[in-house]
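As provided, model.csv (CSV, C-alpha atoms) reads as follows.
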```csv
chain,number,residue,atom,x,y,z
A,1,MET,CA,12.1,-0.2,8.5
A,2,VAL,CA,10.0,-1.5,5.7
A,3,GLY,CA,9.0,1.1,3.2
A,4,PHE,CA,5.6,1.6,1.6
A,5,VAL,CA,4.8,2.3,-2.1
A,6,LEU,CA,1.2,3.2,-2.8
A,7,VAL,CA,0.1,2.9,-6.5
A,8,SER,CA,-3.3,3.5,-8.0
A,9,HIS,CA,-5.3,4.7,-10.9
A,10,GLY,CA,-5.6,8.5,-10.7
A,11,GLY,CA,-5.2,10.2,-7.4
A,12,MET,CA,-6.4,7.5,-5.0
A,13,ALA,CA,-2.9,6.6,-3.8
A,14,LYS,CA,-2.1,10.2,-3.1
A,15,GLY,CA,-5.3,10.6,-1.2
A,16,MET,CA,-4.5,7.6,0.9
A,17,LEU,CA,-1.1,9.0,1.6
A,18,GLU,CA,-2.6,12.3,2.6
A,19,ALA,CA,-5.1,10.6,5.0
A,20,LEU,CA,-2.3,8.4,6.4
A,21,GLU,CA,-0.2,11.4,7.1
A,22,MET,CA,-3.1,13.4,8.6
A,23,ILE,CA,-4.1,10.6,11.0
A,24,THR,CA,-0.8,9.1,12.0
A,25,GLY,CA,1.9,11.7,11.1
A,26,VAL,CA,3.8,8.9,9.3
A,27,THR,CA,5.8,10.2,6.4
A,28,ASP,CA,9.1,8.3,6.4
A,29,GLN,CA,9.7,5.8,3.6
A,30,VAL,CA,6.2,6.2,2.2
A,31,ALA,CA,5.4,7.4,-1.3
A,32,ALA,CA,2.3,7.5,-3.6
A,33,PHE,CA,2.1,7.2,-7.3
A,34,GLY,CA,-0.8,7.5,-9.7
A,35,LEU,CA,-1.4,6.4,-13.2
A,36,TYR,CA,-3.3,9.2,-15.0
A,37,GLU,CA,-5.1,9.2,-18.3
A,38,GLY,CA,-2.7,9.7,-21.2
A,39,GLU,CA,0.3,8.5,-19.2
A,40,SER,CA,2.0,5.2,-20.0
A,41,PRO,CA,2.7,2.4,-17.5
A,42,ASP,CA,6.4,2.7,-18.5
A,43,SER,CA,6.5,6.3,-17.2
A,44,LEU,CA,4.9,5.2,-14.0
A,45,LEU,CA,7.5,2.4,-13.7
A,46,ASP,CA,10.3,4.9,-14.2
A,47,SER,CA,8.9,7.2,-11.5
A,48,ILE,CA,8.6,4.4,-9.0
A,49,ARG,CA,12.1,3.0,-9.8
A,50,GLU,CA,13.6,6.5,-9.3
A,51,GLN,CA,12.3,6.5,-5.7
A,52,LEU,CA,13.2,3.0,-4.7
A,53,PRO,CA,16.6,3.9,-3.2
A,54,VAL,CA,15.0,6.5,-1.0
A,55,LEU,CA,12.2,4.3,0.2
A,56,ASP,CA,14.1,1.0,0.8
A,57,ASP,CA,16.7,1.2,3.6
A,58,GLY,CA,17.5,-2.5,3.1
A,59,SER,CA,14.4,-3.8,5.1
A,60,GLY,CA,12.3,-4.2,1.9
A,61,LEU,CA,9.2,-2.6,0.5
A,62,ILE,CA,5.5,-3.3,0.4
A,63,PHE,CA,3.8,-2.3,-2.8
A,64,PHE,CA,0.1,-1.5,-2.2
A,65,VAL,CA,-2.0,-1.3,-5.4
A,66,ASP,CA,-5.7,-0.5,-5.9
A,67,MET,CA,-6.6,-3.7,-7.7
A,68,PHE,CA,-5.3,-6.9,-9.0
A,69,GLY,CA,-4.5,-7.3,-12.7
A,70,ALA,CA,-4.7,-3.6,-13.8
A,71,SER,CA,-1.9,-1.4,-15.0
A,72,PRO,CA,-0.7,-0.2,-11.6
A,73,PHE,CA,-0.6,-3.8,-10.4
A,74,ASN,CA,1.3,-4.9,-13.6
A,75,THR,CA,3.8,-2.1,-13.1
A,76,CYS,CA,4.5,-3.0,-9.5
A,77,ALA,CA,4.6,-6.7,-10.4
A,78,ARG,CA,7.5,-6.1,-12.8
A,79,ILE,CA,9.5,-4.6,-9.9
A,80,PHE,CA,8.3,-7.3,-7.4
A,81,LEU,CA,9.4,-10.1,-9.7
A,82,GLU,CA,12.9,-8.6,-9.9
A,83,ASN,CA,13.5,-9.0,-6.1
A,84,GLN,CA,10.8,-11.1,-4.5
A,85,GLU,CA,12.8,-11.7,-1.3
A,86,LYS,CA,12.8,-7.9,-0.6
A,87,TYR,CA,9.4,-6.9,-1.8
A,88,ALA,CA,5.7,-7.8,-1.1
A,89,LEU,CA,2.8,-6.8,-3.3
A,90,ILE,CA,-0.6,-6.3,-1.8
A,91,CYS,CA,-3.7,-5.8,-4.0
A,92,GLY,CA,-6.9,-4.0,-2.8
A,93,MET,CA,-5.3,-1.4,-0.5
A,94,ASN,CA,-7.6,0.4,1.9
A,95,LEU,CA,-7.1,3.0,4.6
A,96,PRO,CA,-7.5,0.8,7.7
A,97,MET,CA,-4.9,-1.5,6.3
A,98,LEU,CA,-2.4,1.3,5.7
A,99,LEU,CA,-3.1,2.9,9.1
A,100,GLU,CA,-2.5,-0.4,11.0
A,101,LEU,CA,0.7,-1.1,9.2
A,102,ALA,CA,2.1,2.4,9.5
A,103,LEU,CA,1.6,2.2,13.3
A,104,GLN,CA,3.0,-1.3,13.6
A,105,ARG,CA,5.8,-1.5,11.1
A,106,GLU,CA,8.7,-0.6,13.4
A,107,GLY,CA,10.7,-3.7,14.1
A,108,GLN,CA,8.3,-6.0,12.0
A,109,SER,CA,9.5,-8.2,9.2
A,110,LEU,CA,8.4,-7.8,5.6
A,111,ASP,CA,6.5,-11.1,5.7
A,112,ASP,CA,4.7,-10.3,9.0
A,113,LEU,CA,3.6,-6.9,7.7
A,114,ALA,CA,2.4,-8.4,4.4
A,115,GLN,CA,0.3,-10.9,6.4
A,116,MET,CA,-1.0,-8.2,8.7
A,117,ALA,CA,-2.0,-6.1,5.7
A,118,VAL,CA,-4.1,-8.8,4.1
A,119,ARG,CA,-5.7,-9.8,7.4
A,120,ASN,CA,-6.5,-6.2,8.4
A,121,GLY,CA,-7.7,-5.3,4.9
A,122,LYS,CA,-10.2,-8.2,5.0
A,123,ASP,CA,-11.3,-7.5,8.6
A,124,SER,CA,-11.9,-3.8,7.9
A,125,VAL,CA,-14.5,-4.5,5.2
A,126,THR,CA,-17.9,-4.8,6.8
A,127,ARG,CA,-21.5,-4.0,6.3
A,128,PHE,CA,-23.1,-1.7,8.8
A,129,GLU,CA,-26.6,-2.8,9.8
A,130,LEU,CA,-28.9,-1.3,12.3
A,131,LYS,CA,-29.8,-4.7,13.7
A,132,SER,CA,-26.1,-5.1,14.8
A,133,LEU,CA,-26.7,-2.2,17.2
A,134,ASP,CA,-29.8,-3.9,18.6
A,135,ASP,CA,-27.8,-7.1,19.2
A,136,ALA,CA,-25.3,-5.1,21.4
A,137,ASP,CA,-27.9,-4.7,24.2
```
Whole structure, structure tokens version:
Amino acid sequence: MVGFVLVSHGGMAKGMLEALEMITGVTDQVAAFGLYEGESPDSLLDSIREQLPVLDDGSGLIFFVDMFGASPFNTCARIFLENQEKYALICGMNLPMLLELALQREGQSLDDLAQMAVRNGKDSVTRFELKSLDDAD
């Protein structure tokens, strides 16, 4: 089964993991890491690398980061570039994306899950407007 690595500034990734566990009960092969003020990206890299053997059963890993181009992304990109065939890197993680993938990942390929993550992430961002309720009638 494809493992998930959630990485963010501060505690966002850990909060996402807590919500994921609360809603789905999924805990296997999922870990969260945060980069906190005063910590170096190299220490984050070491922490993630230490957990890779536990998270990857050979099916690969998807790295979810909070945003493109920032230190958590750069850290995960270093790992991704070492083994692009086994890893995927998704920028802009959100909870609906994680929920969908956690519930669908059994038996899915790394590439299918990565595509699903991007599609679901985009589809889950919406603007609520009262007029949309009026149109439902």
Each region 54-111 of chain A residue no farther than 8 Å from region 6-15 of chain A, nearest pair in Å, all atoms listed in the file, as JSON lines:
```
{"residue": "A:Phe63", "atom": "CA", "partner": "A:Leu6", "partner_atom": "CA", "distance": 6.1}
{"residue": "A:Phe64", "atom": "CA", "partner": "A:Leu6", "partner_atom": "CA", "distance": 4.9}
{"residue": "A:Val65", "atom": "CA", "partner": "A:Val7", "partner_atom": "CA", "distance": 4.8}
{"residue": "A:Asp66", "atom": "CA", "partner": "A:Ser8", "partner_atom": "CA", "distance": 5.1}
{"residue": "A:Met67", "atom": "CA", "partner": "A:Ser8", "partner_atom": "CA", "distance": 7.9}
{"residue": "A:Pro72", "atom": "CA", "partner": "A:Ser8", "partner_atom": "CA", "distance": 5.8}
{"residue": "A:Phe73", "atom": "CA", "partner": "A:Val7", "partner_atom": "CA", "distance": 7.8}
{"residue": "A:Cys76", "atom": "CA", "partner": "A:Val7", "partner_atom": "CA", "distance": 7.9}
```
May I ask for the distance between CA of Asn94 (chain A) and CA of Gly58 (chain A), given in Å to one decimal place?
25.3 Å
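Interatomic distance, CA of Phe68 (chain A) to CA of Cys91 (chain A): 5.4 Å.
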Near-Met97 (chain A) list (10 Å; all atoms listed in the file; drop same-chain fewer than 6 positions) as a PyMOL selection string:
chain A and resi 64+116-124
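Of the residues listed (A:Phe33, A:Pro41, A:Leu113, A:Pro53), A:Leu113 shows the shortest atom-to-atom separation from Leu99 (chain A); distances use only C-alpha atoms.
Residue nearest Asp56 (chain A), chosen from A:Met22, A:Val2, A:Met93, A:Leu103 and counting all atoms listed in the file: A:Val2.
Note that the spacing between CA of Ser71 (chain A) and CA of Ile48 (chain A) amounts to 13.4 Å.
Proximity ranking of A:Leu130, A:Pro96, A:Gly107, A:Val125 relative to Thr24 (chain A) places A:Pro96 first, based on all atoms listed in the file.
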Go through A:Val26, A:Leu81, A:Lys86, A:Val5 one by one, measure the shortest atom-to-atom distance of each to Ser47 (chain A) using all atoms listed in the file, and give the residue with the smallest value.
A:Val5
For Asn74 (chain A), which residue among A:Asp42, A:Glu100, A:Glu50, A:Asp111 is the nearest when counting all atoms listed in the file?
A:Asp42
Could you tell me, as number ranges by chain, which residues have any atom at most 6 Å from (8.0, 5.0, 2.8), counting all atoms listed in the file?
A: 3-4, 28-31, 55
Restricted to C-alpha atoms, what would the selected residues look like written as a compact mmCIF listing (two decimals), keeping the file's coordinate frame?
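This went into part29.txt:
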```txt
# COMPACT_ATOMS: atom_id res chain seq x y z
CA GLY A 3 9.00 1.10 3.20
CA PHE A 4 5.60 1.60 1.60
CA ASP A 28 9.10 8.30 6.40
CA GLN A 29 9.70 5.80 3.60
CA VAL A 30 6.20 6.20 2.20
CA ALA A 31 5.40 7.40 -1.30
CA LEU A 55 12.20 4.30 0.20
```
